[in-house]
>>> print(open('final-v3.tsv').read())   # TSV, C-alpha atoms
chain	number	residue	atom	x	y	z
A	200	MET	CA	2.28	17.68	9.83
A	201	ALA	CA	5.64	16.88	8.26
A	202	ILE	CA	9.06	15.45	9.00
A	203	THR	CA	12.12	17.49	8.05
A	204	LEU	CA	14.54	15.33	6.06
A	205	ASN	CA	18.31	15.45	6.48
A	206	ASN	CA	18.60	17.85	3.53
A	207	GLY	CA	16.05	20.33	4.89
A	208	PHE	CA	13.10	19.35	2.69
A	209	LYS	CA	9.84	18.54	4.44
A	210	MET	CA	7.97	15.28	3.88
A	211	PRO	CA	4.28	15.04	4.87
A	212	ILE	CA	3.92	12.42	7.59
A	213	ILE	CA	0.87	10.86	5.91
A	214	GLY	CA	0.85	9.85	2.27
A	215	LEU	CA	-1.08	7.69	-0.14
A	216	GLY	CA	0.39	4.62	-1.80
A	217	VAL	CA	-0.85	3.90	-5.33
A	218	TRP	CA	0.18	0.25	-5.68
A	219	ARG	CA	-2.38	-1.89	-7.54
A	220	MET	CA	-4.40	1.11	-8.76
A	221	GLU	CA	-5.09	1.57	-12.45
A	222	GLY	CA	-7.03	3.36	-15.16
A	223	LYS	CA	-9.79	5.80	-14.28
A	224	GLU	CA	-9.69	4.51	-10.72
A	225	ILE	CA	-6.28	6.07	-10.10
A	226	ARG	CA	-7.24	9.41	-11.65
A	227	ASP	CA	-10.33	9.70	-9.45
A	228	LEU	CA	-8.31	8.50	-6.46
A	229	ILE	CA	-5.69	11.24	-6.84
A	230	THR	CA	-8.31	13.95	-7.30
A	231	ASN	CA	-10.40	12.82	-4.33
A	232	SER	CA	-7.39	12.42	-2.07
A	233	ILE	CA	-6.11	15.93	-2.86
A	234	LYS	CA	-9.55	17.31	-2.01
A	235	LEU	CA	-9.39	15.45	1.31
A	236	GLY	CA	-6.02	16.99	2.14
A	237	TYR	CA	-3.44	14.47	0.93
A	238	ARG	CA	-0.24	16.11	-0.27
A	239	HIS	CA	2.08	13.11	-0.43
A	240	PHE	CA	1.84	10.39	-3.09
A	241	ASP	CA	3.98	7.27	-3.26
A	242	CYS	CA	4.43	5.89	-6.78
A	243	ALA	CA	6.76	3.44	-8.55
A	244	ALA	CA	7.68	2.48	-12.08
A	245	ASP	CA	6.77	-1.09	-11.15
A	246	TYR	CA	3.21	-0.10	-10.27
A	247	LYS	CA	2.67	0.51	-13.99
A	248	ASN	CA	0.40	3.49	-13.43
A	249	GLU	CA	2.73	6.49	-13.54
A	250	THR	CA	1.07	7.71	-16.75
A	251	GLU	CA	-2.37	7.75	-15.12
A	252	VAL	CA	-0.99	9.41	-11.99
A	253	GLY	CA	0.66	12.03	-14.19
A	254	GLU	CA	-2.61	12.75	-15.99
A	255	ALA	CA	-4.39	13.23	-12.66
A	256	LEU	CA	-1.67	15.51	-11.33
A	257	ALA	CA	-1.62	17.59	-14.51
A	258	GLU	CA	-5.38	18.06	-14.27
A	259	ALA	CA	-5.11	19.05	-10.60
A	260	PHE	CA	-2.48	21.67	-11.45
A	261	LYS	CA	-4.41	22.94	-14.47
A	262	THR	CA	-7.67	23.41	-12.54
A	263	GLY	CA	-5.93	25.07	-9.61
A	264	LEU	CA	-6.88	22.29	-7.20
A	265	VAL	CA	-3.30	22.29	-5.93
A	266	LYS	CA	0.13	23.67	-6.87
A	267	ARG	CA	3.12	21.49	-7.70
A	268	GLU	CA	5.13	22.92	-4.82
A	269	ASP	CA	2.42	21.84	-2.39
A	270	LEU	CA	2.85	18.15	-3.25
A	271	PHE	CA	5.48	15.59	-2.30
A	272	ILE	CA	5.85	13.00	-5.07
A	273	THR	CA	7.88	9.82	-4.69
A	274	THR	CA	8.64	7.19	-7.29
A	275	LYS	CA	11.13	4.34	-7.54
A	276	LEU	CA	13.92	2.82	-9.60
A	277	TRP	CA	13.12	-0.72	-10.69
A	278	ASN	CA	15.61	-3.60	-10.36
A	279	SER	CA	16.27	-3.92	-14.10
A	280	ASP	CA	17.25	-0.24	-14.42
A	281	HIS	CA	20.11	-0.11	-11.89
A	282	GLY	CA	22.50	0.42	-14.78
A	283	HIS	CA	20.30	3.14	-16.30
A	284	VAL	CA	19.37	5.32	-13.34
A	285	VAL	CA	19.23	8.72	-15.02
A	286	GLU	CA	17.29	7.37	-18.01
A	287	ALA	CA	14.84	5.55	-15.75
A	288	CYS	CA	14.26	8.65	-13.64
A	289	LYS	CA	13.64	10.78	-16.74
A	290	ASP	CA	11.21	8.14	-18.03
A	291	SER	CA	9.24	8.31	-14.77
A	292	LEU	CA	9.25	12.12	-14.83
A	293	LYS	CA	7.90	12.10	-18.38
A	294	LYS	CA	5.07	9.74	-17.43
A	295	LEU	CA	4.29	11.72	-14.28
A	296	GLN	CA	4.45	15.00	-16.26
A	297	LEU	CA	6.81	16.52	-13.69
A	298	ASP	CA	10.07	18.46	-13.87
A	299	TYR	CA	11.46	16.98	-10.65
A	300	LEU	CA	10.75	14.38	-7.99
A	301	ASP	CA	10.63	15.11	-4.30
A	302	LEU	CA	12.01	11.64	-3.61
A	303	TYR	CA	13.45	8.86	-5.77
A	304	LEU	CA	14.00	5.48	-4.12
A	305	VAL	CA	15.94	2.35	-5.01
A	306	HIS	CA	12.97	-0.03	-5.03
A	307	PHE	CA	14.96	-3.17	-4.15
A	308	PRO	CA	18.68	-3.57	-3.35
A	309	VAL	CA	19.26	-5.88	-6.30
A	310	ALA	CA	20.19	-5.27	-9.94
A	311	THR	CA	18.59	-7.63	-12.44
A	312	LYS	CA	18.84	-8.22	-16.17
A	313	HIS	CA	18.02	-5.02	-18.07
A	314	THR	CA	14.81	-5.37	-20.07
A	315	GLY	CA	14.56	-1.82	-21.40
A	316	VAL	CA	14.21	1.52	-19.61
A	317	GLY	CA	10.87	1.72	-17.89
A	318	ALA	CA	10.09	-1.95	-18.51
A	319	THR	CA	9.60	-3.50	-15.09
A	320	ASP	CA	9.45	-7.19	-15.81
A	321	SER	CA	11.38	-9.41	-13.41
A	322	ALA	CA	13.46	-11.54	-15.76
A	323	LEU	CA	13.93	-15.13	-14.59
A	324	ASP	CA	16.71	-17.47	-15.70
A	325	ASP	CA	16.26	-20.98	-17.09
A	326	ASP	CA	15.79	-22.31	-13.57
A	327	GLY	CA	12.97	-19.90	-12.82
A	328	VAL	CA	15.16	-17.82	-10.50
A	329	LEU	CA	15.55	-14.04	-10.65
A	330	ASP	CA	18.20	-13.18	-13.27
A	331	ILE	CA	20.55	-11.06	-11.13
A	332	ASP	CA	23.09	-8.75	-12.76
A	333	THR	CA	26.35	-9.33	-10.86
A	334	THR	CA	28.19	-6.51	-12.66
A	335	ILE	CA	26.35	-3.67	-10.89
A	336	SER	CA	26.98	-3.09	-7.19
A	337	LEU	CA	24.69	-1.19	-4.85
A	338	GLU	CA	27.44	1.38	-4.48
A	339	THR	CA	27.46	1.96	-8.25
A	340	THR	CA	23.68	2.33	-8.24
A	341	TRP	CA	23.80	4.79	-5.34
A	342	HIS	CA	26.39	7.04	-6.96
A	343	ALA	CA	24.15	7.18	-10.05
A	344	MET	CA	21.27	8.13	-7.74
A	345	GLU	CA	23.41	10.96	-6.40
A	346	ASP	CA	23.74	12.30	-9.94
A	347	LEU	CA	19.99	12.85	-9.99
A	348	VAL	CA	20.33	15.37	-7.17
A	349	SER	CA	23.12	17.21	-9.01
A	350	LEU	CA	21.01	17.29	-12.17
A	351	GLY	CA	17.97	18.65	-10.33
A	352	LEU	CA	15.86	15.64	-11.25
A	353	ALA	CA	15.30	14.57	-7.63
A	354	ARG	CA	15.43	16.68	-4.49
A	355	SER	CA	15.96	13.70	-2.23
A	356	ILE	CA	17.06	10.11	-2.75
A	357	GLY	CA	16.58	7.09	-0.59
A	358	ILE	CA	16.53	3.36	-0.16
A	359	ARG	CA	13.75	0.84	0.12
A	360	LYS	CA	13.42	-2.77	1.16
A	361	PHE	CA	17.05	-2.95	2.22
A	362	ILE	CA	16.06	-6.26	3.68
A	363	CYS	CA	17.43	-9.75	3.99
A	364	SER	CA	16.95	-11.11	7.48
A	365	ASN	CA	19.31	-9.15	9.78
A	366	TYR	CA	21.27	-7.72	6.86
A	367	ASP	CA	19.08	-4.64	6.57
A	368	ILE	CA	21.05	-2.56	9.09
A	369	PHE	CA	24.36	-3.48	7.47
A	370	LEU	CA	23.20	-2.55	3.95
A	371	THR	CA	22.02	0.78	5.30
A	372	ARG	CA	25.29	1.29	7.18
A	373	ASP	CA	27.29	0.56	4.01
A	374	CYS	CA	25.23	3.09	2.06
A	375	LEU	CA	25.98	5.73	4.68
A	376	ALA	CA	29.69	4.90	4.43
A	377	TYR	CA	30.09	5.25	0.66
A	378	SER	CA	27.51	7.96	-0.03
A	379	LYS	CA	28.25	11.57	-0.80
A	380	VAL	CA	24.54	12.35	-0.69
A	381	LYS	CA	23.12	10.54	2.31
A	382	PRO	CA	19.88	8.60	1.91
A	383	ALA	CA	17.08	10.83	3.16
A	384	VAL	CA	14.58	8.00	3.54
A	385	ASN	CA	14.48	4.26	4.12
A	386	GLN	CA	11.08	2.88	3.14
A	387	ILE	CA	10.35	-0.43	4.85
A	388	GLU	CA	7.50	-2.64	5.93
A	389	THR	CA	6.71	-1.88	9.54
A	390	HIS	CA	3.51	-2.19	11.58
A	391	PRO	CA	2.59	-3.52	15.05
A	392	TYR	CA	3.24	-7.14	14.01
A	393	PHE	CA	6.59	-6.22	12.38
A	394	GLN	CA	8.01	-3.34	14.36
A	395	ARG	CA	11.70	-3.62	13.41
A	396	GLU	CA	12.71	-1.46	16.32
A	397	SER	CA	16.46	-1.89	15.82
A	398	LEU	CA	16.35	-0.79	12.18
A	399	VAL	CA	13.99	2.11	12.88
A	400	LYS	CA	16.20	3.41	15.69
A	401	PHE	CA	19.37	2.92	13.62
A	402	CYS	CA	17.96	4.96	10.75
A	403	GLN	CA	16.63	7.72	12.96
A	404	LYS	CA	19.92	7.90	14.87
A	405	HIS	CA	21.72	8.53	11.58
A	406	GLY	CA	19.27	11.07	10.21
A	407	ILE	CA	17.36	8.77	7.85
A	408	CYS	CA	13.58	9.15	7.88
A	409	VAL	CA	11.73	5.84	8.05
A	410	THR	CA	8.62	5.45	5.91
A	411	ALA	CA	6.23	2.55	6.52
A	412	HIS	CA	5.05	1.27	3.14
A	413	THR	CA	2.76	-1.34	4.70
A	414	PRO	CA	1.62	0.53	7.83
A	415	LEU	CA	-1.58	-1.50	8.17
A	416	GLY	CA	0.10	-4.84	7.59
A	417	GLY	CA	-1.18	-5.03	4.02
A	418	ALA	CA	-4.69	-5.91	5.19
A	419	GLU	CA	-6.78	-7.70	2.52
A	420	ALA	CA	-4.29	-7.13	-0.30
A	421	ASN	CA	-1.44	-9.05	1.33
A	422	THR	CA	-3.82	-11.70	2.63
A	423	GLU	CA	-4.94	-12.25	-0.97
A	424	TRP	CA	-1.43	-12.24	-2.49
A	425	PHE	CA	0.67	-13.80	0.25
A	426	GLY	CA	-1.77	-15.56	2.58
A	427	THR	CA	-0.73	-13.44	5.57
A	428	VAL	CA	-2.66	-12.48	8.70
A	429	SER	CA	-3.92	-8.90	9.05
A	430	VAL	CA	-2.96	-6.80	12.05
A	431	LEU	CA	-6.35	-5.11	11.75
A	432	ASP	CA	-7.99	-8.23	13.21
A	433	ASP	CA	-5.93	-8.12	16.40
A	434	PRO	CA	-8.14	-8.20	19.54
A	435	VAL	CA	-5.85	-5.87	21.51
A	436	LEU	CA	-6.15	-3.21	18.84
A	437	LYS	CA	-9.88	-3.74	18.56
A	438	GLY	CA	-10.06	-3.22	22.31
A	439	LEU	CA	-8.71	0.32	21.95
A	440	THR	CA	-11.31	1.49	19.45
A	441	GLU	CA	-13.94	2.35	22.06
A	442	LYS	CA	-11.42	4.21	24.25
A	443	TYR	CA	-10.28	6.51	21.47
A	444	LYS	CA	-13.45	6.52	19.36
A	445	LYS	CA	-11.28	5.61	16.38
A	446	THR	CA	-11.05	2.62	14.03
A	447	VAL	CA	-8.32	-0.01	14.30
A	448	ALA	CA	-6.70	1.39	11.16
A	449	GLN	CA	-6.59	4.88	12.66
A	450	ILE	CA	-5.03	3.56	15.87
A	451	VAL	CA	-2.37	1.66	13.92
A	452	LEU	CA	-1.55	4.69	11.76
A	453	ARG	CA	-1.36	6.92	14.84
A	454	TRP	CA	1.02	4.41	16.44
A	455	GLY	CA	3.27	4.71	13.40
A	456	ILE	CA	3.21	8.50	13.51
A	457	GLN	CA	4.07	8.53	17.21
A	458	ARG	CA	7.14	6.44	16.37
A	459	ASN	CA	8.14	9.40	14.18
A	460	THR	CA	7.72	7.36	11.00
A	461	VAL	CA	5.94	8.45	7.83
A	462	VAL	CA	2.93	6.28	6.97
A	463	ILE	CA	1.63	5.68	3.44
A	464	PRO	CA	-1.50	3.51	3.57
A	465	LYS	CA	-3.35	2.69	0.37
A	466	SER	CA	-7.06	2.57	-0.35
A	467	SER	CA	-9.30	3.10	-3.35
A	468	LYS	CA	-12.36	3.92	-1.24
A	469	VAL	CA	-13.12	7.57	-0.46
A	470	GLU	CA	-14.42	6.75	3.00
A	471	ARG	CA	-11.19	4.92	3.84
A	472	LEU	CA	-9.09	7.75	2.41
A	473	LYS	CA	-10.93	10.13	4.74
A	474	GLU	CA	-10.55	7.76	7.68
A	475	ASN	CA	-6.82	7.25	7.13
A	476	ILE	CA	-5.98	10.95	7.11
A	477	GLU	CA	-8.01	11.76	10.23
A	478	VAL	CA	-5.33	10.63	12.66
A	479	LEU	CA	-3.83	13.92	13.81
A	480	ASP	CA	-6.58	14.86	16.25
A	481	PHE	CA	-5.77	12.33	18.98
A	482	GLU	CA	-2.76	10.78	20.69
A	483	LEU	CA	-2.14	7.31	22.08
A	484	SER	CA	-1.10	7.26	25.72
A	485	LYS	CA	2.35	6.00	26.72
A	486	GLU	CA	0.61	3.05	28.36
A	487	ASP	CA	-1.07	2.11	25.09
A	488	MET	CA	2.10	2.67	23.06
A	489	ASP	CA	3.78	0.21	25.42
A	490	LEU	CA	0.85	-2.17	25.03
A	491	LEU	CA	1.20	-2.12	21.24
A	492	LYS	CA	4.92	-2.72	21.55
A	493	GLU	CA	4.07	-6.15	22.97
A	494	LEU	CA	2.24	-7.10	19.75
A	495	ASP	CA	5.47	-7.48	17.75
A	496	ARG	CA	5.70	-10.92	16.11
A	497	ASN	CA	8.54	-10.18	13.69
A	498	TYR	CA	5.88	-11.01	11.12
A	499	ARG	CA	6.44	-9.86	7.54
A	500	THR	CA	3.32	-9.68	5.35
A	501	ASN	CA	4.80	-8.32	2.10
A	502	GLN	CA	6.77	-11.07	0.36
A	503	PRO	CA	7.31	-10.22	-3.34
A	504	ALA	CA	10.32	-12.54	-3.62
A	505	LYS	CA	7.88	-15.45	-3.84
A	506	PHE	CA	7.56	-14.51	-7.52
A	507	TRP	CA	11.35	-14.55	-8.00
A	508	GLY	CA	12.16	-18.15	-7.12
A	509	ILE	CA	14.36	-17.10	-4.17
A	510	ASN	CA	13.98	-16.57	-0.45
A	511	LEU	CA	15.37	-13.19	0.56
A	512	TYR	CA	14.62	-13.68	4.21
A	513	ALA	CA	16.13	-17.07	5.05
>>> encode(input="final-v3.tsv", output="structure tokens")
Amino acid sequence: MAITLNNGFKMPIIGLGVWRMEGKEIRDLITNSIKLGYRHFDCAADYKNETEVGEALAEAFKTGLVKREDLFITTKLWNSDHGHVVEACKDSLKKLQLDYLDLYLVHFPVATKHTGVGATDSALDDDGVLDIDTTISLETTWHAMEDLVSLGLARSIGIRKFICSNYDIFLTRDCLAYSKVKPAVNQIETHPYFQRESLVKFCQKHGICVTAHTPLGGAEANTEWFGTVSVLDDPVLKGLTEKYKKTVAQIVLRWGIQRNTVVIPKSSKVERLKENIEVLDFELSKEDMDLLKELDRNYRTNQPAKFWGINLYA
């Protein structure tokens, strides 16, 4: 099952995020997930594992497990490389051992002090605050992203975490206004506790596919890093498991799919990988979709700016 992007390319509606995976773990993860049917992988320079992902992909191609054209590979431009977009993309391609990307995203809508192509440190100033580069606008970054399409380095380009309280819609609108190549995707945090209905509808109205990068609310990972509450513990969701004979995670992922959003959960456990992809054989009723709509708390669980000395969401 796939969503057709505004440029005609198809994006599998279920993918696997590889954040916080490393070493042999990531190589086994990629191999096992391909065997289970995953064809969409969400990477990033900042995850610091593109080399390992590339090794796993190369092995999968070499052994005939899968063909390159059967996969949809995403990676992302880090904040410190906004002034070096083409170089950063080529660096990621080299690490991933690929000739092109299916999707290249602007990881965050902020340019920071350049620390070297492919180096993803978040430079802080003397006050411990993110060292923002005020000479590079988002428009400049986007036009450099467009060059990647012309050069054949990326088939699609998109935006991510265009967030700052209610500013997210306006940043997306501005990008639509100045772009020659429209963003194909906006990757955001969205789940039953953080539904962001206005932004989702705005993007879909203007032909931008929405991808949920935290479709399960971050679960244990975000609880550990940010002290947030997991949507998977919600009693309403737990109450639906018997009705559908599915886990809470499967119900939440199915809810995301029925909103016509792409979902990219992460897991390093084979049983969870299998569970997360087995969500196309049932459908939530309209009554239950409406029930889940009432769970919205406007509750963000992914808060990386806590490491930057600033509050992006005030």
>>> residues_around(input="final-v3.tsv", residues="A:Tyr498", least_positions_apart="3", cutoff="8 Å", atoms="all atoms listed in the file", output="PyMOL selection string")
chain A and resi 392-393+495
>>> atom_distance(input="final-v3.tsv", atom1="atom CA of A:Lys294", atom2="atom CA of A:Lys247")
10.1 Å
>>> atom_distance(input="final-v3.tsv", atom1="atom CA of A:Ser279", atom2="atom CA of A:Ala310")
5.9 Å
>>> closest_residue(input="final-v3.tsv", among="A:Thr460, A:Asn205, A:Gln449, A:Thr440", to="A:Val380", atoms="only C-alpha atoms")
A:Asn205
>>> closest_residue(input="final-v3.tsv", among="A:Asp241, A:Ser336, A:Ser232, A:Ala343", to="A:Ala287", atoms="all atoms listed in the file")
A:Ala343
>>> closest_residue(input="final-v3.tsv", among="A:Ile387, A:Ala353, A:Val252, A:Val316", to="A:Val461", atoms="only C-alpha atoms")
A:Ile387
>>> closest_residue(input="final-v3.tsv", among="A:Lys234, A:Lys468, A:Lys485, A:His313", to="A:Thr333", atoms="only C-alpha atoms")
A:His313
>>> closest_residue(input="final-v3.tsv", among="A:Gly207, A:Gly216, A:Gly253, A:Gly406", to="A:Gln296", atoms="all atoms listed in the file")
A:Gly253
>>> atom_distance(input="final-v3.tsv", atom1="atom CA of A:Cys374", atom2="atom CA of A:Arg496")
27.8 Å
